[in-house]
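J.: If it helps, the file is called my_file.txt and holds compact mmCIF, C-alpha atoms (C1' of nucleotides):
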# COMPACT_ATOMS: atom_id res chain seq x y z
CA MET A 219 240.95 218.52 239.17
CA ALA A 220 238.18 220.32 237.48
CA ALA A 221 239.25 219.10 234.14
CA ARG A 222 237.62 215.77 234.57
CA GLY A 223 234.18 216.79 235.75
CA SER A 224 231.30 218.06 233.73
CA GLU A 225 230.13 220.71 236.07
CA PRO A 226 227.46 222.99 234.72
CA SER A 227 229.08 226.25 233.92
CA THR A 228 228.13 229.12 236.10
CA GLY A 229 227.99 231.59 233.29
CA ASP A 230 227.90 230.81 229.62
CA ARG A 231 228.18 234.24 228.23
CA ARG A 232 230.42 233.94 225.27
CA ALA A 233 232.28 236.73 223.66
CA PRO A 234 230.12 238.20 220.93
CA GLY A 235 231.21 237.01 217.57
CA ALA A 236 234.03 235.03 218.99
CA ASP A 237 232.88 231.71 217.64
CA THR A 238 231.84 232.64 214.17
CA THR A 239 235.12 231.67 212.63
CA LEU A 240 236.55 228.77 214.53
CA ARG A 241 234.67 225.61 215.08
CA ASP A 242 233.22 225.53 218.53
CA PHE A 243 236.29 224.84 220.53
CA GLU A 244 235.21 222.15 222.92
CA GLN A 245 233.58 220.32 220.05
CA SER A 246 236.75 220.11 218.05
CA LEU A 247 237.89 216.65 217.20
CA PRO A 248 241.22 216.71 219.01
CA MET A 249 239.41 217.76 222.16
CA GLN A 250 236.78 215.08 221.81
CA LEU A 251 239.40 212.45 221.19
CA LEU A 252 241.29 213.60 224.24
CA LYS A 253 238.17 213.56 226.33
CA ALA A 254 237.24 210.08 225.21
CA ARG A 255 240.71 208.82 225.92
CA GLU A 256 240.65 210.39 229.35
CA ALA A 257 237.33 208.73 230.10
CA ALA A 258 238.85 205.38 229.29
CA MET A 259 242.23 205.88 230.93
CA ALA A 260 240.69 207.12 234.15
CA ARG A 261 239.81 203.51 234.82
CA PHE A 262 243.28 202.20 234.08
CA ARG A 263 245.58 204.63 235.78
CA PRO A 264 244.59 204.00 239.40
CA MET A 265 244.82 200.27 238.81
CA LEU A 266 248.26 200.57 237.24
CA ARG A 267 249.39 202.84 240.01
CA GLU A 268 248.66 200.14 242.55
CA HIS A 269 251.13 198.01 240.68
CA GLY A 270 253.66 200.83 240.63
CA LEU A 271 253.41 201.40 236.89
CA THR A 272 252.64 204.38 234.75
CA GLU A 273 250.51 204.13 231.69
CA GLN A 274 253.51 204.39 229.38
CA GLN A 275 255.57 201.84 231.26
CA TRP A 276 252.68 199.44 230.94
CA ARG A 277 252.52 200.07 227.22
CA VAL A 278 256.17 199.07 226.93
CA LEU A 279 255.67 195.94 228.97
CA ARG A 280 252.75 194.94 226.81
CA VAL A 281 254.77 195.32 223.65
CA LEU A 282 257.57 193.20 225.07
CA ALA A 283 255.12 190.60 226.28
CA SER A 284 253.78 190.16 222.78
CA TRP A 285 256.95 190.78 220.79
CA PRO A 286 260.01 189.76 222.78
CA ALA A 287 263.45 190.90 221.69
CA SER A 288 262.14 194.04 220.05
CA ASP A 289 264.52 196.85 219.34
CA ALA A 290 263.86 200.38 220.49
CA SER A 291 262.43 201.51 217.19
CA GLU A 292 259.93 198.72 217.11
CA ILE A 293 258.84 199.35 220.68
CA ALA A 294 258.44 203.03 219.92
CA ARG A 295 256.30 202.32 216.89
CA ARG A 296 254.07 199.80 218.60
CA SER A 297 253.66 201.70 221.86
CA LEU A 298 253.23 205.10 220.19
CA LEU A 299 256.00 206.59 222.27
CA LEU A 300 258.56 209.02 220.95
CA ALA A 301 262.16 207.88 220.97
CA PRO A 302 263.36 210.21 223.74
CA SER A 303 260.52 209.20 226.06
CA LEU A 304 261.06 205.56 225.33
CA SER A 305 264.77 205.87 225.97
CA ARG A 306 264.14 207.19 229.48
CA ILE A 307 261.42 204.66 230.18
CA LEU A 308 263.57 201.73 229.12
CA GLN A 309 266.43 202.92 231.30
CA HIS A 310 264.04 203.03 234.21
CA LEU A 311 262.59 199.60 233.50
CA VAL A 312 266.08 198.14 233.24
CA THR A 313 266.94 199.71 236.60
CA LEU A 314 263.87 198.07 238.07
CA ARG A 315 265.04 194.77 236.58
CA LEU A 316 261.78 194.36 234.75
CA VAL A 317 263.48 194.50 231.35
CA ALA A 318 266.84 193.31 230.13
CA ARG A 319 268.88 194.98 227.46
CA ARG A 320 271.40 193.51 225.05
CA THR A 321 273.11 194.41 221.83
CA PRO A 322 272.56 192.24 218.78
CA PRO A 323 275.70 190.77 217.25
CA GLY A 324 275.24 192.18 213.80
CA ASP A 325 274.67 195.85 214.53
CA GLN A 326 276.21 197.69 217.43
CA ARG A 327 273.83 200.61 217.06
CA ARG A 328 270.69 198.73 217.91
CA ALA A 329 269.49 197.56 221.31
CA LEU A 330 267.20 194.64 221.96
CA PHE A 331 264.93 194.43 224.98
CA THR A 332 263.23 191.52 226.68
CA LEU A 333 261.13 191.02 229.75
CA THR A 334 262.96 189.51 232.67
CA ALA A 335 261.35 186.86 234.82
CA ARG A 336 260.34 189.64 237.12
CA GLY A 337 258.88 191.59 234.24
CA ARG A 338 256.87 188.62 233.09
CA ALA A 339 255.58 188.09 236.59
CA LEU A 340 254.46 191.69 236.88
CA PHE A 341 252.82 191.49 233.49
CA ALA A 342 250.96 188.37 234.53
CA ALA A 343 249.80 190.11 237.68
CA VAL A 344 248.51 193.23 235.95
CA ALA A 345 247.03 191.68 232.84
CA PRO A 346 243.84 190.32 234.46
CA ASP A 347 242.98 193.72 235.91
CA SER A 348 243.59 195.37 232.58
CA GLU A 349 241.48 192.82 230.82
CA ARG A 350 238.66 193.33 233.26
CA ASN A 351 238.66 197.04 232.56
CA TYR A 352 238.37 196.43 228.86
CA ARG A 353 235.41 194.17 229.42
CA VAL A 354 233.66 196.78 231.55
CA ILE A 355 234.15 199.37 228.85
CA ALA A 356 232.89 197.04 226.16
CA GLN A 357 229.89 196.13 228.23
CA ARG A 358 228.97 199.70 229.04
CA PHE A 359 229.41 201.10 225.60
CA GLY A 360 228.22 198.07 223.73
CA THR A 361 230.27 195.80 221.55
CA ALA A 362 228.58 196.84 218.35
CA ARG A 363 229.17 200.52 218.84
CA LEU A 364 232.69 199.78 219.98
CA GLU A 365 233.47 198.02 216.75
CA LEU A 366 232.00 200.88 214.80
CA LEU A 367 234.15 203.29 216.71
CA TYR A 368 237.24 201.20 216.02
CA ALA A 369 236.49 201.19 212.35
CA LEU A 370 235.90 204.91 212.20
CA LEU A 371 239.10 205.69 214.05
CA ALA A 372 241.10 203.47 211.73
CA GLU A 373 239.56 205.18 208.72
CA PHE A 374 240.30 208.55 210.23
CA VAL A 375 243.96 207.74 210.73
CA ALA A 376 244.19 206.32 207.24
CA ALA A 377 242.54 209.37 205.74
CA LEU A 378 245.01 211.73 207.35
CA ASP A 379 248.11 209.58 207.15
CA ASP A 380 247.70 208.57 203.54
CA GLY A 381 247.36 212.17 202.60
CA GLY A 382 250.74 212.23 204.11
CA ASP A 383 252.50 215.48 204.61
CA ALA A 384 249.93 218.15 204.32
CA MET A 385 251.85 221.39 204.28
CA GLU A 386 254.25 220.14 201.69
CA GLU A 387 254.38 223.00 199.29
CA ARG A 388 258.07 223.55 199.49
CA GLY A 389 261.26 222.22 198.08
CA PRO A 390 260.80 218.64 196.95
CA GLU A 391 264.14 217.65 198.32
CA LYS A 392 264.63 213.94 198.58
CA LYS A 393 261.11 213.10 199.54
CA GLY A 394 260.87 210.16 197.25
CA PRO A 395 257.76 208.04 197.59
CA ASP A 396 259.86 204.96 198.06
CA GLU A 397 258.51 204.45 201.54
CA PRO A 398 254.81 205.12 201.58
CA GLY A 399 253.99 204.06 205.06
CA PRO A 400 256.25 202.45 207.62
CA LYS A 401 253.46 202.80 210.15
CA GLU A 402 251.85 199.45 210.36
CA GLY A 403 250.65 197.48 207.46
CA ASP A 404 252.41 194.35 208.53
CA ARG A 405 251.12 191.02 209.58
CA MET B 384 261.19 180.09 228.33
CA ALA B 385 264.79 181.05 228.02
CA ALA B 386 265.16 184.16 226.01
CA ARG B 387 268.56 183.38 224.75
CA GLY B 388 270.26 182.68 221.53
CA SER B 389 267.51 184.08 219.39
CA GLU B 390 267.76 185.67 216.02
CA PRO B 391 266.99 189.28 215.36
CA SER B 392 263.26 189.56 215.35
CA THR B 393 262.84 191.43 212.17
CA GLY B 394 259.62 189.61 211.50
CA ASP B 395 256.43 189.75 213.44
CA ARG B 396 256.78 186.65 215.47
CA ARG B 397 254.63 187.12 218.47
CA ALA B 398 255.24 185.33 221.69
CA PRO B 399 253.27 182.12 221.69
CA GLY B 400 250.14 182.46 223.69
CA ALA B 401 250.92 185.99 224.66
CA ASP B 402 247.86 187.50 223.11
CA THR B 403 245.26 185.02 224.12
CA THR B 404 244.23 186.93 227.21
CA LEU B 405 244.62 190.60 226.54
CA ARG B 406 242.99 192.31 223.69
CA ASP B 407 245.42 192.83 220.90
CA PHE B 408 247.41 195.65 222.29
CA GLU B 409 247.71 198.01 219.40
CA GLN B 410 244.03 197.60 218.71
CA SER B 411 243.01 198.71 222.16
CA LEU B 412 240.76 201.71 222.29
CA PRO B 413 243.06 204.01 224.24
CA MET B 414 245.78 203.37 221.70
CA GLN B 415 243.50 203.97 218.76
CA LEU B 416 242.21 207.17 220.28
CA LEU B 417 245.76 208.32 220.87
CA LYS B 418 246.74 207.44 217.35
CA ALA B 419 243.81 209.29 215.87
CA ARG B 420 244.54 212.34 217.96
CA GLU B 421 248.16 212.25 216.92
CA ALA B 422 247.16 212.08 213.28
CA ALA B 423 245.10 215.22 213.74
CA MET B 424 247.50 217.14 215.95
CA ALA B 425 250.45 216.48 213.67
CA ARG B 426 248.91 219.09 211.37
CA PHE B 427 248.45 221.65 214.12
CA ARG B 428 251.64 221.52 216.09
CA PRO B 429 254.07 222.76 213.43
CA MET B 430 251.70 225.57 212.59
CA LEU B 431 251.36 226.59 216.24
CA ARG B 432 255.09 226.36 216.71
CA GLU B 433 255.63 228.96 214.03
CA HIS B 434 253.55 231.27 216.15
CA GLY B 435 255.53 230.37 219.24
CA LEU B 436 252.70 228.49 220.92
CA THR B 437 252.29 225.04 222.28
CA GLU B 438 249.14 223.06 221.82
CA GLN B 439 248.06 223.63 225.40
CA GLN B 440 248.76 227.34 225.37
CA TRP B 441 246.61 227.60 222.27
CA ARG B 442 243.81 225.74 224.05
CA VAL B 443 243.90 228.32 226.83
CA LEU B 444 243.87 231.22 224.41
CA ARG B 445 240.90 229.74 222.62
CA VAL B 446 238.96 229.40 225.84
CA LEU B 447 239.67 232.99 226.76
CA ALA B 448 238.76 234.18 223.28
CA SER B 449 235.34 232.61 223.62
CA TRP B 450 234.74 233.11 227.33
CA PRO B 451 236.57 236.17 228.59
CA ALA B 452 237.07 236.69 232.29
CA SER B 453 237.04 233.00 233.06
CA ASP B 454 238.46 231.81 236.33
CA ALA B 455 241.06 229.08 236.50
CA SER B 456 238.59 226.33 237.22
CA GLU B 457 236.50 227.16 234.21
CA ILE B 458 239.51 227.34 231.94
CA ALA B 459 240.69 224.00 233.25
CA ARG B 460 237.33 222.41 232.60
CA ARG B 461 236.94 223.80 229.11
CA SER B 462 240.51 223.20 227.98
CA LEU B 463 240.79 219.75 229.56
CA LEU B 464 243.90 220.75 231.44
CA LEU B 465 244.67 219.70 234.97
CA ALA B 466 244.92 222.48 237.52
CA PRO B 467 248.69 222.24 238.06
CA SER B 468 249.44 222.35 234.36
CA LEU B 469 247.07 225.23 233.85
CA SER B 470 248.62 227.15 236.72
CA ARG B 471 252.03 227.00 235.09
CA ILE B 472 250.70 227.80 231.65
CA LEU B 473 248.82 230.83 232.86
CA GLN B 474 251.88 232.14 234.65
CA HIS B 475 253.79 231.80 231.42
CA LEU B 476 251.11 233.50 229.35
CA VAL B 477 250.96 236.36 231.82
CA THR B 478 254.71 236.73 231.57
CA LEU B 479 254.38 236.92 227.81
CA ARG B 480 251.72 239.60 228.26
CA LEU B 481 249.24 237.59 226.27
CA VAL B 482 246.92 237.20 229.23
CA ALA B 483 246.06 239.49 232.13
CA ARG B 484 245.19 238.31 235.60
CA ARG B 485 243.05 239.96 238.21
CA THR B 486 241.25 239.04 241.39
CA PRO B 487 237.50 239.40 241.55
CA PRO B 488 236.24 241.69 244.32
CA GLY B 489 234.03 239.16 246.02
CA ASP B 490 236.40 236.24 246.44
CA GLN B 491 240.11 236.57 247.04
CA ARG B 492 240.70 232.93 246.32
CA ARG B 493 239.71 233.03 242.69
CA ALA B 494 241.61 234.48 239.76
CA LEU B 495 240.10 235.82 236.57
CA PHE B 496 241.95 235.87 233.28
CA THR B 497 241.46 237.83 230.10
CA LEU B 498 243.24 238.17 226.80
CA THR B 499 245.30 241.31 226.48
CA ALA B 500 245.33 243.27 223.27
CA ARG B 501 248.43 241.37 222.38
CA GLY B 502 246.73 238.10 223.17
CA ARG B 503 243.78 238.99 220.99
CA ALA B 504 246.09 239.93 218.16
CA LEU B 505 247.91 236.62 218.37
CA PHE B 506 244.65 234.76 218.47
CA ALA B 507 243.46 236.59 215.39
CA ALA B 508 246.70 235.72 213.64
CA VAL B 509 246.57 232.01 214.45
CA ALA B 510 242.87 231.37 214.07
CA PRO B 511 242.78 231.33 210.25
CA ASP B 512 245.53 228.74 210.09
CA SER B 513 243.77 226.62 212.66
CA GLU B 514 240.52 226.92 210.80
CA ARG B 515 242.15 225.88 207.58
CA ASN B 516 243.48 222.75 209.19
CA TYR B 517 240.04 221.79 210.40
CA ARG B 518 238.67 222.23 206.93
CA VAL B 519 241.34 220.00 205.45
CA ILE B 520 240.55 217.30 207.97
CA ALA B 521 236.84 217.54 207.35
CA GLN B 522 237.37 217.41 203.63
CA ARG B 523 239.67 214.41 203.75
CA PHE B 524 237.64 212.36 206.14
CA GLY B 525 234.25 213.47 204.97
CA THR B 526 231.77 215.58 206.84
CA ALA B 527 229.27 212.80 207.28
CA ARG B 528 231.72 210.38 208.81
CA LEU B 529 233.11 213.17 210.93
CA GLU B 530 229.72 213.87 212.43
CA LEU B 531 229.23 210.18 213.08
CA LEU B 532 232.57 210.07 214.83
CA TYR B 533 231.64 213.07 216.94
CA ALA B 534 228.42 211.43 218.00
CA LEU B 535 230.10 208.15 218.86
CA LEU B 536 232.78 209.83 220.92
CA ALA B 537 230.19 211.82 222.85
CA GLU B 538 228.25 208.65 223.55
CA PHE B 539 231.38 206.90 224.63
CA VAL B 540 232.25 209.61 227.13
CA ALA B 541 228.70 209.64 228.43
CA ALA B 542 228.66 205.87 228.81
CA LEU B 543 231.80 205.86 230.90
CA ASP B 544 231.29 209.07 232.83
CA ASP B 545 227.75 208.34 233.90
CA GLY B 546 228.88 205.07 235.29
CA GLY B 547 230.60 207.10 237.94
CA ASP B 548 233.99 206.63 239.37
CA ALA B 549 234.92 203.07 239.75
CA MET B 550 234.81 199.69 238.22
CA GLU B 551 231.57 199.03 239.94
CA GLU B 552 229.56 196.29 238.39
CA ARG B 553 226.11 197.23 237.54
CA GLY B 554 223.10 195.30 236.53
CA PRO B 555 222.81 194.03 233.01
CA GLU B 556 221.84 196.86 230.74
CA LYS B 557 220.74 196.57 227.22
CA LYS B 558 222.46 198.96 224.97
CA GLY B 559 220.79 199.42 221.67
CA PRO B 560 222.47 200.93 218.67
CA ASP B 561 220.52 204.02 219.40
CA GLU B 562 221.37 206.04 222.39
CA PRO B 563 218.94 207.82 224.66
CA GLY B 564 221.22 210.79 224.71
CA PRO B 565 223.92 212.18 226.89
CA LYS B 566 222.62 213.11 230.24
CA GLU B 567 224.30 215.30 232.72
CA GLY B 568 223.18 215.95 236.20
CA ASP B 569 226.07 214.32 237.89
CA ARG B 570 226.75 215.57 241.31
C1' DG C 705 290.96 203.14 202.09
C1' DG C 706 288.46 207.08 203.04
C1' DC C 707 284.77 210.19 203.39
C1' DA C 708 279.97 211.77 203.12
C1' DA C 709 275.51 210.43 204.27
C1' DC C 710 272.54 207.77 206.87
C1' DT C 711 270.67 204.95 210.95
C1' DG C 712 269.55 203.93 215.63
C1' DG C 713 269.76 205.87 220.06
C1' DT C 714 270.71 209.09 223.43
C1' DT C 715 271.09 213.88 225.71
C1' DA C 716 269.57 218.34 226.46
C1' DA C 717 266.19 221.74 227.44
C1' DC C 718 261.89 223.16 228.12
C1' DA C 719 256.71 222.33 228.59
C1' DT C 720 253.12 219.47 230.21
C1' DG C 721 250.89 215.22 232.74
C1' DT C 722 250.01 213.31 237.24
C1' DT C 723 249.57 212.79 242.05
C1' DA C 724 250.13 214.58 246.62
C1' DA C 725 250.71 218.17 249.77
C1' DG C 726 250.58 223.01 251.00
C1' DT C 727 248.40 227.83 251.26
C1' DT C 728 245.20 231.26 251.47
C1' DT C 729 240.52 232.64 251.65
C1' DG C 730 235.59 231.98 252.46
C1' DC C 731 231.75 229.89 255.09
C1' DG C 732 229.00 227.66 258.43
C1' DC C 733 228.38 227.15 263.28
C1' DC C 734 228.39 226.95 268.06
C1' DG D 488 234.74 235.45 267.39
C1' DG D 489 237.11 231.49 267.26
C1' DC D 490 236.96 226.59 265.13
C1' DG D 491 236.51 223.27 261.68
C1' DC D 492 236.14 222.52 257.05
C1' DA D 493 235.69 223.21 252.17
C1' DA D 494 237.01 225.83 247.95
C1' DA D 495 240.41 227.59 244.70
C1' DC D 496 244.66 227.66 243.55
C1' DT D 497 249.63 226.87 243.96
C1' DT D 498 254.03 224.08 244.83
C1' DA D 499 256.57 220.11 244.77
C1' DA D 500 258.37 216.00 242.76
C1' DC D 501 258.65 212.89 239.41
C1' DA D 502 257.43 211.03 234.65
C1' DT D 503 256.46 211.94 229.97
C1' DG D 504 255.83 214.97 225.52
C1' DT D 505 258.32 217.58 222.09
C1' DT D 506 261.88 219.46 219.44
C1' DA D 507 266.66 219.90 218.38
C1' DA D 508 271.24 218.57 218.81
C1' DC D 509 274.52 215.05 219.36
C1' DC D 510 277.13 210.65 218.72
C1' DA D 511 278.72 206.18 217.54
C1' DG D 512 278.11 202.53 214.20
C1' DT D 513 277.05 201.52 209.42
C1' DT D 514 276.59 201.95 204.51
C1' DG D 515 277.35 203.61 199.86
C1' DC D 516 280.50 205.05 196.68
C1' DC D 517 284.34 206.86 194.35
Using structure tokens, write down the structure that the file contains.

T.:
Amino acid sequence: MAARGSEPSTGDRRAPGADTTLRDFEQSLPMQLLKAREAAMARFRPMLREHGLTEQQWRVLRVLASWPASDASEIARRSLLLAPSLSRILQHLVTLRLVARRTPPGDQRRALFTLTARGRALFAAVAPDSERNYRVIAQRFGTARLELLYALLAEFVAALDDGGDAMEERGPEKKGPDEPGPKEGDR
Amino acid sequence: MAARGSEPSTGDRRAPGADTTLRDFEQSLPMQLLKAREAAMARFRPMLREHGLTEQQWRVLRVLASWPASDASEIARRSLLLAPSLSRILQHLVTLRLVARRTPPGDQRRALFTLTARGRALFAAVAPDSERNYRVIAQRFGTARLELLYALLAEFVAALDDGGDAMEERGPEKKGPDEPGPKEGDR
DNA sequence: GGCAACTGGTTAACATGTTAAGTTTGCGCC
DNA sequence: GGCGCAAACTTAACATGTTAACCAGTTGCC
């Protein structure tokens, strides 16, 4: 509960010398990114909840709305969900009859997923609300600054991802550079 | 719109007309913020794991290293953890004897927490590694761009938080590229 | 053909996120 | 001094995050 507010702290006495080494904690980039994301998601979650969806379930539906017949790996990559989480979410969505599952003829290992009619209907019902939230955010923050923020975030990801595996001082096993970046880069 | 008899969608065929309404999903701000945070945290998590800590446990330890004798509410606010999560984490840290709990004399409802000697030792052991990671990030991304990103994120949070707690429509505001500055004084 | 290695997914186990409800303590107030 | 209510946590219940292990299907290769 208190994590969302910005209440003035009652006492700001910090431990002497405690912050001389580490960057000021609450100013660290991961924290700021988390805070920014929370500020944005706080507008989406209540709306999604009214439709009976979690944030992650909605991410999956959005992927399937744009790229039907995706396999699990592709959904995971596009929705930024880890495979185990996605596996559970898809099982749930299939139970709710929002998503249908089938196995492609060529490869019995894979699994393809598609929105059912019910899933498409739910997507169509939620999409306008989602869109409205995005417009409010853009209007409040300003389109120009928003674009700048997008660009910076993309550069940040590229700067850290391209560097690749940081702590890679160990045995160069079979880490051939044959696959530089299966992240995105398509289209 | 029958989703039948289709080939494996190895390519990037998007559903026709599926993206005309919603902003391109993977470009949405929450996703980009999540992606950026993941890129940063991917360097921290393995390091923390070697010390037997999760990301959130480390956040709590950092708060207590800088602000000893914090109560649960203050820790929650500074670490961006929700009260239920923090409650469990603190119980765990107390079990591990990294953190000590006591009740202040004036108010039996509150609970104050402090690092034990063991907790301080662990903090001292992890901090250099954490610091090194921050330096690598700053060096790769560039200090100047990093500061710009910090500023933008802070403005973003301020823009959405000040608006209060709903999707209330407000009068037309002009947002210049320069920002008057984050204001508090909520509540 | 057969076997090792790999691929795509799933399970398992534990920790956290999220919302709602419960519990104890403090505080104002008549 | 009892009553109503708010504050500060805590529990509960379910969903997801995270790592490791597992497993069936597939591929490469001798």

J.: How close does chain D get to chain A? List, as JSON lines, each residue of chain D within 12 Å, its nearest atom pair and the distance in Å to one decimal, counting only C-alpha atoms (C1' of nucleotides).

T.:
{"residue": "D:DA494", "atom": "C1'", "partner": "A:Ala220", "partner_atom": "CA", "distance": 11.9}
{"residue": "D:DA495", "atom": "C1'", "partner": "A:Ala220", "partner_atom": "CA", "distance": 10.5}
{"residue": "D:DC496", "atom": "C1'", "partner": "A:Met219", "partner_atom": "CA", "distance": 10.8}
{"residue": "D:DC501", "atom": "C1'", "partner": "A:Thr272", "partner_atom": "CA", "distance": 11.4}
{"residue": "D:DA502", "atom": "C1'", "partner": "A:Thr272", "partner_atom": "CA", "distance": 8.2}
{"residue": "D:DT503", "atom": "C1'", "partner": "A:Ser303", "partner_atom": "CA", "distance": 6.3}
{"residue": "D:DG504", "atom": "C1'", "partner": "A:Ser303", "partner_atom": "CA", "distance": 7.5}
{"residue": "D:DT505", "atom": "C1'", "partner": "A:Leu300", "partner_atom": "CA", "distance": 8.6}
{"residue": "D:DT506", "atom": "C1'", "partner": "A:Pro302", "partner_atom": "CA", "distance": 10.3}
{"residue": "D:DA507", "atom": "C1'", "partner": "A:Pro302", "partner_atom": "CA", "distance": 11.6}
{"residue": "D:DC510", "atom": "C1'", "partner": "A:Arg327", "partner_atom": "CA", "distance": 10.7}
{"residue": "D:DA511", "atom": "C1'", "partner": "A:Arg327", "partner_atom": "CA", "distance": 7.4}
{"residue": "D:DG512", "atom": "C1'", "partner": "A:Arg327", "partner_atom": "CA", "distance": 5.5}
{"residue": "D:DT513", "atom": "C1'", "partner": "A:Asp325", "partner_atom": "CA", "distance": 8.0}
{"residue": "D:DT514", "atom": "C1'", "partner": "A:Asp325", "partner_atom": "CA", "distance": 11.9}

J.: Using only C-alpha atoms (C1' of nucleotides) and a cutoff of 9 Å, can you tell me which residues are near (252.2, 224.0, 244.8) in the file's coordinates, and write them out as a ChimeraX atom specification?

T.: /B:467 /C:725-727 /D:496-499

J.: Using only C-alpha atoms (C1' of nucleotides), which protein or nucleic acid residues come within 12 Å of DC707 of chain C? Drop anything in the same chain fewer than 6 positions from it, and give the result as a ChimeraX atom specification.

T.: /D:514-517

J.: For atom CA of Leu412 of chain B and atom CA of Val312 of chain A, quote the distance in Å rounded to one decimal.

T.: 27.8 Å

J.: I need the residue nearest Ile458 of chain B from this list: B:Ala494, B:Leu436, B:Ala507, B:Val540. Use all atoms listed in the file for the distance.

T.: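 Smallest distance to Ile458 of chain B is found for B:Ala494.
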
J.: Which of these residues is nearest to chain C, using only C-alpha atoms (C1' of nucleotides): B:Ser470, B:Thr499, B:Ser411, B:Thr526?

T.: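 Nearest to chain C: B:Ser470.
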
J.: Determine the nearest neighbour of chain C from the options A:Leu314, A:Leu330, A:Leu282, A:Leu298, counting only C-alpha atoms (C1' of nucleotides).

T.: A:Leu330

J.: Could the centre and edge lengths of an axis-aligned box, enclosing all atoms of segment 499-507 of chain D in the file with 6 Å extra on each side, be given in Å to one decimal as lines of an AutoDock Vina configuration file?

T.:
center_x = 261.2
center_y = 215.6
center_z = 231.6
size_x = 22.8
size_y = 21.1
size_z = 38.4

J.: Would you give me, as a list in words, the residues of chain C that come within 10 Å of chain A, using all atoms listed in the file?

T.: DT711, DG712, DG713, DT714, DT715 and DT722 of chain C

J.: Those residues with C-alpha atoms (C1' of nucleotides), as a CSV table (one decimal), in the coordinates of the input please?

T.:
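File produced: again-v3.csv:
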chain,number,residue,atom,x,y,z
C,711,DT,C1',270.7,205.0,211.0
C,712,DG,C1',269.6,203.9,215.6
C,713,DG,C1',269.8,205.9,220.1
C,714,DT,C1',270.7,209.1,223.4
C,715,DT,C1',271.1,213.9,225.7
C,722,DT,C1',250.0,213.3,237.2

J.: Provide the atom CA of Leu476 of chain B to atom CA of Lys253 of chain A distance in Å, to one decimal place.

T.: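 Computing it gives 24.0 Å between the two atoms.
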
J.: Just to confirm, what's the straight-line distance from atom CA of Arg420 of chain B to atom CA of Pro248 of chain A in Å (one decimal)?

T.: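 We find that atom CA of Arg420 of chain B and atom CA of Pro248 of chain A lie 5.6 Å from each other.
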
J.: Can you work out which one of A:Asp379, A:Asp347, A:Glu365, A:Glu268 has the shortest atom-to-atom distance to chain B, counting all atoms listed in the file?

T.: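 Result for the nearest residue to chain B: A:Asp379.
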
J.: Tell me which of B:Ala541, B:Phe506, B:Ser453, B:Phe524 sits closest to chain A, counting only C-alpha atoms.

T.: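 The shortest atom-to-atom distance to chain A comes from B:Phe524.
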
J.: Which residue, B:Leu431, B:Leu416, B:Ala521, B:Leu498, has the smallest gap to chain A when you use only C-alpha atoms?

T.: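 For chain A, the nearest of the given residues is B:Leu416.
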
J.: If you count all atoms listed in the file, which residues fall within 9 Å of Ser348 of chain A, apart from same-chain ones fewer than 3 positions away, as a list in words?

T.: Phe262, Met265, Leu266, Val344, Ala345, Asn351, Tyr352 and Arg353 of chain A; Leu405 of chain B
